[in-house]
2 protein chains.
Amino acid sequence: MPEYATQPVRPMRITFGGADRSVLEPQGPLLTRRMSDLDGLFADGGAWTAAVADGDPVVYQVACSPVPERPTDLPQSVTTIQPGAVGGEFHMTKGHMHPVPQGEIYLGLSGQGGVLMFDGERAEFIEMAEGVIAYIPPNWAHRSVNTGTEPYRFLAVYPGDAGHDYGWVLQHGMGHRVRRAAGGSGYRLAPYAG
Amino acid sequence: MPEYATQPVRPMRITFGGADRSVLEPQGPLLTRRMSDLDGLFADGGAWTAAVADGDPVVYQVACSPVPERPTDLPQSVTTIQPGAVGGEFHMTKGHMHPVPQGEIYLGLSGQGGVLMFDGERAEFIEMAEGVIAYIPPNWAHRSVNTGTEPYRFLAVYPGDAGHDYGWVLQHGMGHRVRRAAGGSGYRLAPYAG
């Protein structure tokens, strides 16, 4: 399996590769999240259990470049979230807070989606599409959601020492959930506990 | 004039705006570099003096988002380099070193260009086009060059505390110069002193 580059990193030319431009070339680590990896995150636990039993599908993948996650480097990744919903709640990433408060950007590449952000009190949702940048300030947890019917794909650029605290989201939630709108077209924001 | 956002920055939805998608919306600072701002950078000082006298054209512009240049934020900008050459040396940015060693990425948006990088001993040149990412490691000075016949445009994402040391390039050079190839099509790398 390709791994992060060893020190020191040289200048690098990185391109979007694969049939659907879902990976970065040269390739670094590839992270695959199946439904069973998202325990405790969807509001409807019964629907989640059923989805795990029904083939445990891949919900999203994160394809990194070889630029390492370490201080002073600026790694990147392409995330692809498959379309779908669990009990009416759209497919989403686990979501995380940066233990080291650092900003991050997402750039929409294809499909329809959004970024849910939560700082413990305030929640924001930014609609994403090709060519849209979301700025995620330090101290805002963030989760991406596919609100469309095709794979939703985005480029992430983040300081290498930011880290990923997934437990913060399990403890504090994300402020809102992103659900299918009544009638089946589009989305609506619902209270996290609802 | 739009300015950097004041603290604290909220989550932000940023899009490529303007007729030619050359600015980020909402808009932050806009930096314009004319030929006269590039004193001492082109090898052919006589050709540079003539270009300044002949209308002092805009060589490049940098359009920033309002995300501030400060520690823990991750600002972005779109740079547009107009096509052209001075004594056979392609239009280019001043080039700089980050006084705080931090990585940076460029993403090609349109046109043909490249990134010249130099760490004081080694020089690299990465060809850029739409959809190509250049990774600039910490401690490598970097300069962008338009090697084509249309405006060359790229998105930059960089840690807010990296800073810009332009004096380093005046003192150390960039290892290479990027010149028109013989016959007028394409480019060639030439020694910096040449």
# chains A, B, ... in the order shown; residues from 1 in each chain; ligands from 1

$ interface_residues --of "chain A" --to "chain B" --cutoff "7 Å" --atoms "only C-alpha atoms" --output "list of chain:residue names"
A:Val9, A:Arg10, A:Pro11, A:Met12, A:Arg13, A:Ile14, A:Thr15, A:Thr72, A:Asp73, A:Leu74, A:Pro101, A:Gln102, A:Gly103, A:Glu104, A:Ile126, A:Gly131, A:Val132, A:Ile133, A:Ala134, A:Tyr135, A:Ile136, A:Pro137, A:Pro138

$ select_by_dssp --residues "segment 71-192 of chain B" --states "alpha helix (DSSP H)" --output "list in words"
Gly167, Trp168, Val169, Leu170, Gln171 and His172 of chain B

$ write_last_selection --atoms "N, CA, C and O atoms" --output "PDB file, in the first residue's frame"
ATOM      1  N   GLY B 167      12.960  39.441  -0.457  1.00  0.00           N
ATOM      2  CA  GLY B 167      14.386  39.747  -0.489  1.00  0.00           C
ATOM      3  C   GLY B 167      15.244  38.512  -0.698  1.00  0.00           C
ATOM      4  O   GLY B 167      16.314  38.591  -1.309  1.00  0.00           O
ATOM      5  N   TRP B 168      14.762  37.378  -0.192  1.00  0.00           N
ATOM      6  CA  TRP B 168      15.529  36.132  -0.346  1.00  0.00           C
ATOM      7  C   TRP B 168      15.804  35.851  -1.815  1.00  0.00           C
ATOM      8  O   TRP B 168      16.909  35.430  -2.194  1.00  0.00           O
ATOM      9  N   VAL B 169      14.789  36.078  -2.661  1.00  0.00           N
ATOM     10  CA  VAL B 169      14.935  35.797  -4.090  1.00  0.00           C
ATOM     11  C   VAL B 169      15.901  36.783  -4.739  1.00  0.00           C
ATOM     12  O   VAL B 169      16.718  36.399  -5.590  1.00  0.00           O
ATOM     13  N   LEU B 170      15.837  38.049  -4.344  1.00  0.00           N
ATOM     14  CA  LEU B 170      16.791  39.035  -4.892  1.00  0.00           C
ATOM     15  C   LEU B 170      18.220  38.644  -4.525  1.00  0.00           C
ATOM     16  O   LEU B 170      19.153  38.853  -5.301  1.00  0.00           O
ATOM     17  N   GLN B 171      18.393  38.061  -3.348  1.00  0.00           N
ATOM     18  CA  GLN B 171      19.733  37.708  -2.886  1.00  0.00           C
ATOM     19  C   GLN B 171      20.224  36.383  -3.468  1.00  0.00           C
ATOM     20  O   GLN B 171      21.399  36.253  -3.833  1.00  0.00           O
ATOM     21  N   HIS B 172      19.331  35.395  -3.541  1.00  0.00           N
ATOM     22  CA  HIS B 172      19.755  34.034  -3.885  1.00  0.00           C
ATOM     23  C   HIS B 172      19.358  33.595  -5.287  1.00  0.00           C
ATOM     24  O   HIS B 172      19.821  32.557  -5.773  1.00  0.00           O
TER      25      HIS B 172
END

$ residues_around --residues "segment 28-44 of chain A" --least-positions-apart "2" --cutoff "6 Å" --atoms "only C-alpha atoms" --output "compact mmCIF listing (two decimals) with all heavy atoms, in the first residue's frame"
# COMPACT_ATOMS: atom_id res chain seq x y z
N PRO A 2 0.52 2.24 -0.79
CA PRO A 2 1.31 3.49 -0.77
C PRO A 2 1.25 4.12 0.61
O PRO A 2 0.23 4.04 1.28
CB PRO A 2 0.61 4.38 -1.81
CG PRO A 2 -0.27 3.46 -2.60
CD PRO A 2 -0.61 2.32 -1.71
N GLU A 3 2.30 4.73 0.99
CA GLU A 3 2.34 5.36 2.32
C GLU A 3 2.75 6.83 2.19
O GLU A 3 3.13 7.29 1.12
CB GLU A 3 3.33 4.62 3.23
CG GLU A 3 2.66 3.73 4.27
CD GLU A 3 1.54 4.45 5.05
OE1 GLU A 3 1.59 5.66 5.25
OE2 GLU A 3 0.59 3.74 5.44
N TYR A 4 2.61 7.53 3.31
CA TYR A 4 3.07 8.91 3.33
C TYR A 4 4.55 8.97 2.95
O TYR A 4 5.31 8.05 3.22
CB TYR A 4 2.90 9.50 4.72
CG TYR A 4 1.46 9.78 5.08
CD1 TYR A 4 0.90 9.25 6.24
CD2 TYR A 4 0.66 10.57 4.27
CE1 TYR A 4 -0.41 9.52 6.58
CE2 TYR A 4 -0.65 10.83 4.60
CZ TYR A 4 -1.19 10.32 5.76
OH TYR A 4 -2.48 10.57 6.09
N GLY A 46 -31.92 1.92 14.08
CA GLY A 46 -32.50 0.73 13.46
C GLY A 46 -32.22 0.70 11.96
O GLY A 46 -31.85 -0.35 11.40
N ALA A 47 -32.36 1.84 11.33
CA ALA A 47 -32.10 1.92 9.89
C ALA A 47 -30.62 1.68 9.61
O ALA A 47 -30.26 1.05 8.61
CB ALA A 47 -32.53 3.28 9.34
N VAL A 52 -26.21 -1.93 7.66
CA VAL A 52 -24.99 -2.72 7.88
C VAL A 52 -25.26 -4.18 7.48
O VAL A 52 -24.43 -4.82 6.81
CB VAL A 52 -24.54 -2.63 9.36
CG1 VAL A 52 -23.42 -3.63 9.64
CG2 VAL A 52 -24.10 -1.21 9.70
N ASP A 56 -23.42 -3.85 4.12
CA ASP A 56 -22.43 -2.95 4.71
C ASP A 56 -21.71 -2.11 3.63
O ASP A 56 -20.50 -2.21 3.46
CB ASP A 56 -21.41 -3.75 5.52
CG ASP A 56 -20.56 -2.86 6.42
OD1 ASP A 56 -20.95 -1.70 6.67
OD2 ASP A 56 -19.49 -3.33 6.86
N PRO A 57 -22.44 -1.28 2.92
CA PRO A 57 -21.85 -0.59 1.76
C PRO A 57 -20.79 0.44 2.15
O PRO A 57 -20.76 0.92 3.29
CB PRO A 57 -23.06 0.12 1.13
CG PRO A 57 -24.01 0.34 2.26
CD PRO A 57 -23.85 -0.88 3.16
N VAL A 58 -19.94 0.74 1.19
CA VAL A 58 -18.99 1.85 1.36
C VAL A 58 -19.78 3.16 1.34
O VAL A 58 -20.55 3.42 0.41
CB VAL A 58 -17.95 1.86 0.22
CG1 VAL A 58 -17.11 3.13 0.27
CG2 VAL A 58 -17.05 0.62 0.33
N VAL A 59 -19.60 3.97 2.36
CA VAL A 59 -20.27 5.28 2.41
C VAL A 59 -19.35 6.35 1.83
O VAL A 59 -19.79 7.19 1.05
CB VAL A 59 -20.69 5.63 3.85
CG1 VAL A 59 -21.36 7.01 3.91
CG2 VAL A 59 -21.63 4.56 4.41
N TYR A 60 -18.07 6.31 2.19
CA TYR A 60 -17.14 7.27 1.58
C TYR A 60 -15.72 6.75 1.60
O TYR A 60 -15.38 5.84 2.35
CB TYR A 60 -17.24 8.64 2.23
CG TYR A 60 -16.83 8.76 3.68
CD1 TYR A 60 -15.56 9.22 4.04
CD2 TYR A 60 -17.72 8.46 4.71
CE1 TYR A 60 -15.19 9.38 5.36
CE2 TYR A 60 -17.35 8.60 6.04
CZ TYR A 60 -16.09 9.06 6.36
OH TYR A 60 -15.72 9.21 7.69
N GLN A 61 -14.92 7.36 0.71
CA GLN A 61 -13.49 7.07 0.66
C GLN A 61 -12.71 8.38 0.66
O GLN A 61 -13.19 9.39 0.13
CB GLN A 61 -13.14 6.28 -0.61
CG GLN A 61 -13.59 4.81 -0.53
CD GLN A 61 -13.00 3.97 -1.64
OE1 GLN A 61 -13.13 4.32 -2.80
NE2 GLN A 61 -12.35 2.86 -1.27
N VAL A 62 -11.54 8.32 1.27
CA VAL A 62 -10.64 9.48 1.32
C VAL A 62 -9.31 9.05 0.71
O VAL A 62 -8.64 8.17 1.25
CB VAL A 62 -10.44 9.98 2.77
CG1 VAL A 62 -9.57 11.24 2.78
CG2 VAL A 62 -11.77 10.21 3.47
N ALA A 63 -8.95 9.66 -0.41
CA ALA A 63 -7.71 9.34 -1.12
C ALA A 63 -6.72 10.48 -0.92
O ALA A 63 -6.97 11.60 -1.36
CB ALA A 63 -7.98 9.12 -2.60
N CYS A 64 -5.62 10.18 -0.24
CA CYS A 64 -4.62 11.21 0.11
C CYS A 64 -3.50 11.24 -0.92
O CYS A 64 -3.22 10.25 -1.59
CB CYS A 64 -4.02 10.90 1.48
SG CYS A 64 -5.25 10.80 2.82
N SER A 65 -2.82 12.37 -1.00
CA SER A 65 -1.55 12.44 -1.71
C SER A 65 -0.46 11.97 -0.72
O SER A 65 -0.74 11.75 0.46
CB SER A 65 -1.27 13.86 -2.18
OG SER A 65 -0.68 14.62 -1.13
N PRO A 66 0.77 11.81 -1.20
CA PRO A 66 1.84 11.37 -0.27
C PRO A 66 2.35 12.48 0.65
O PRO A 66 3.23 12.22 1.46
CB PRO A 66 2.96 10.90 -1.20
CG PRO A 66 2.37 10.87 -2.57
CD PRO A 66 1.25 11.85 -2.58
N GLY A 87 -32.45 6.16 7.08
CA GLY A 87 -33.61 6.69 7.79
C GLY A 87 -33.89 8.14 7.41
O GLY A 87 -34.31 8.94 8.26

$ residues_around --residues "segment 148-153 of chain A" --least-positions-apart "2" --cutoff "8 Å" --atoms "only C-alpha atoms" --output "NGL selection string"
:A and (22 or 78-84 or 108-113 or 146 or 155 or 186)

$ closest_residue --among "A:Tyr187, A:Tyr166, A:Trp48, A:Phe154" --to "Gly95 of chain A" --atoms "only C-alpha atoms"
A:Tyr166

$ select_by_dssp --residues "segment 125-173 of chain A" --states "strand (DSSP E)" --output "count of residues only"
21

$ closest_residue --among "A:Thr93, A:Ala156, A:Gly45, A:Gly120" --to "Ser77 of chain A" --atoms "only C-alpha atoms"
A:Ala156

$ atom_distance --atom1 "atom CA of Val23 of chain A" --atom2 "atom CA of Asp165 of chain A"
23.8 Å

$ residues_around --residues "segment 178-182 of chain A" --least-positions-apart "3" --cutoff "8 Å" --atoms "only C-alpha atoms" --output "count of residues only"
12

$ closest_residue --among "A:Gly183, A:His176, A:Tyr192, A:Arg143" --to "Met92 of chain A" --atoms "only C-alpha atoms"
A:Arg143
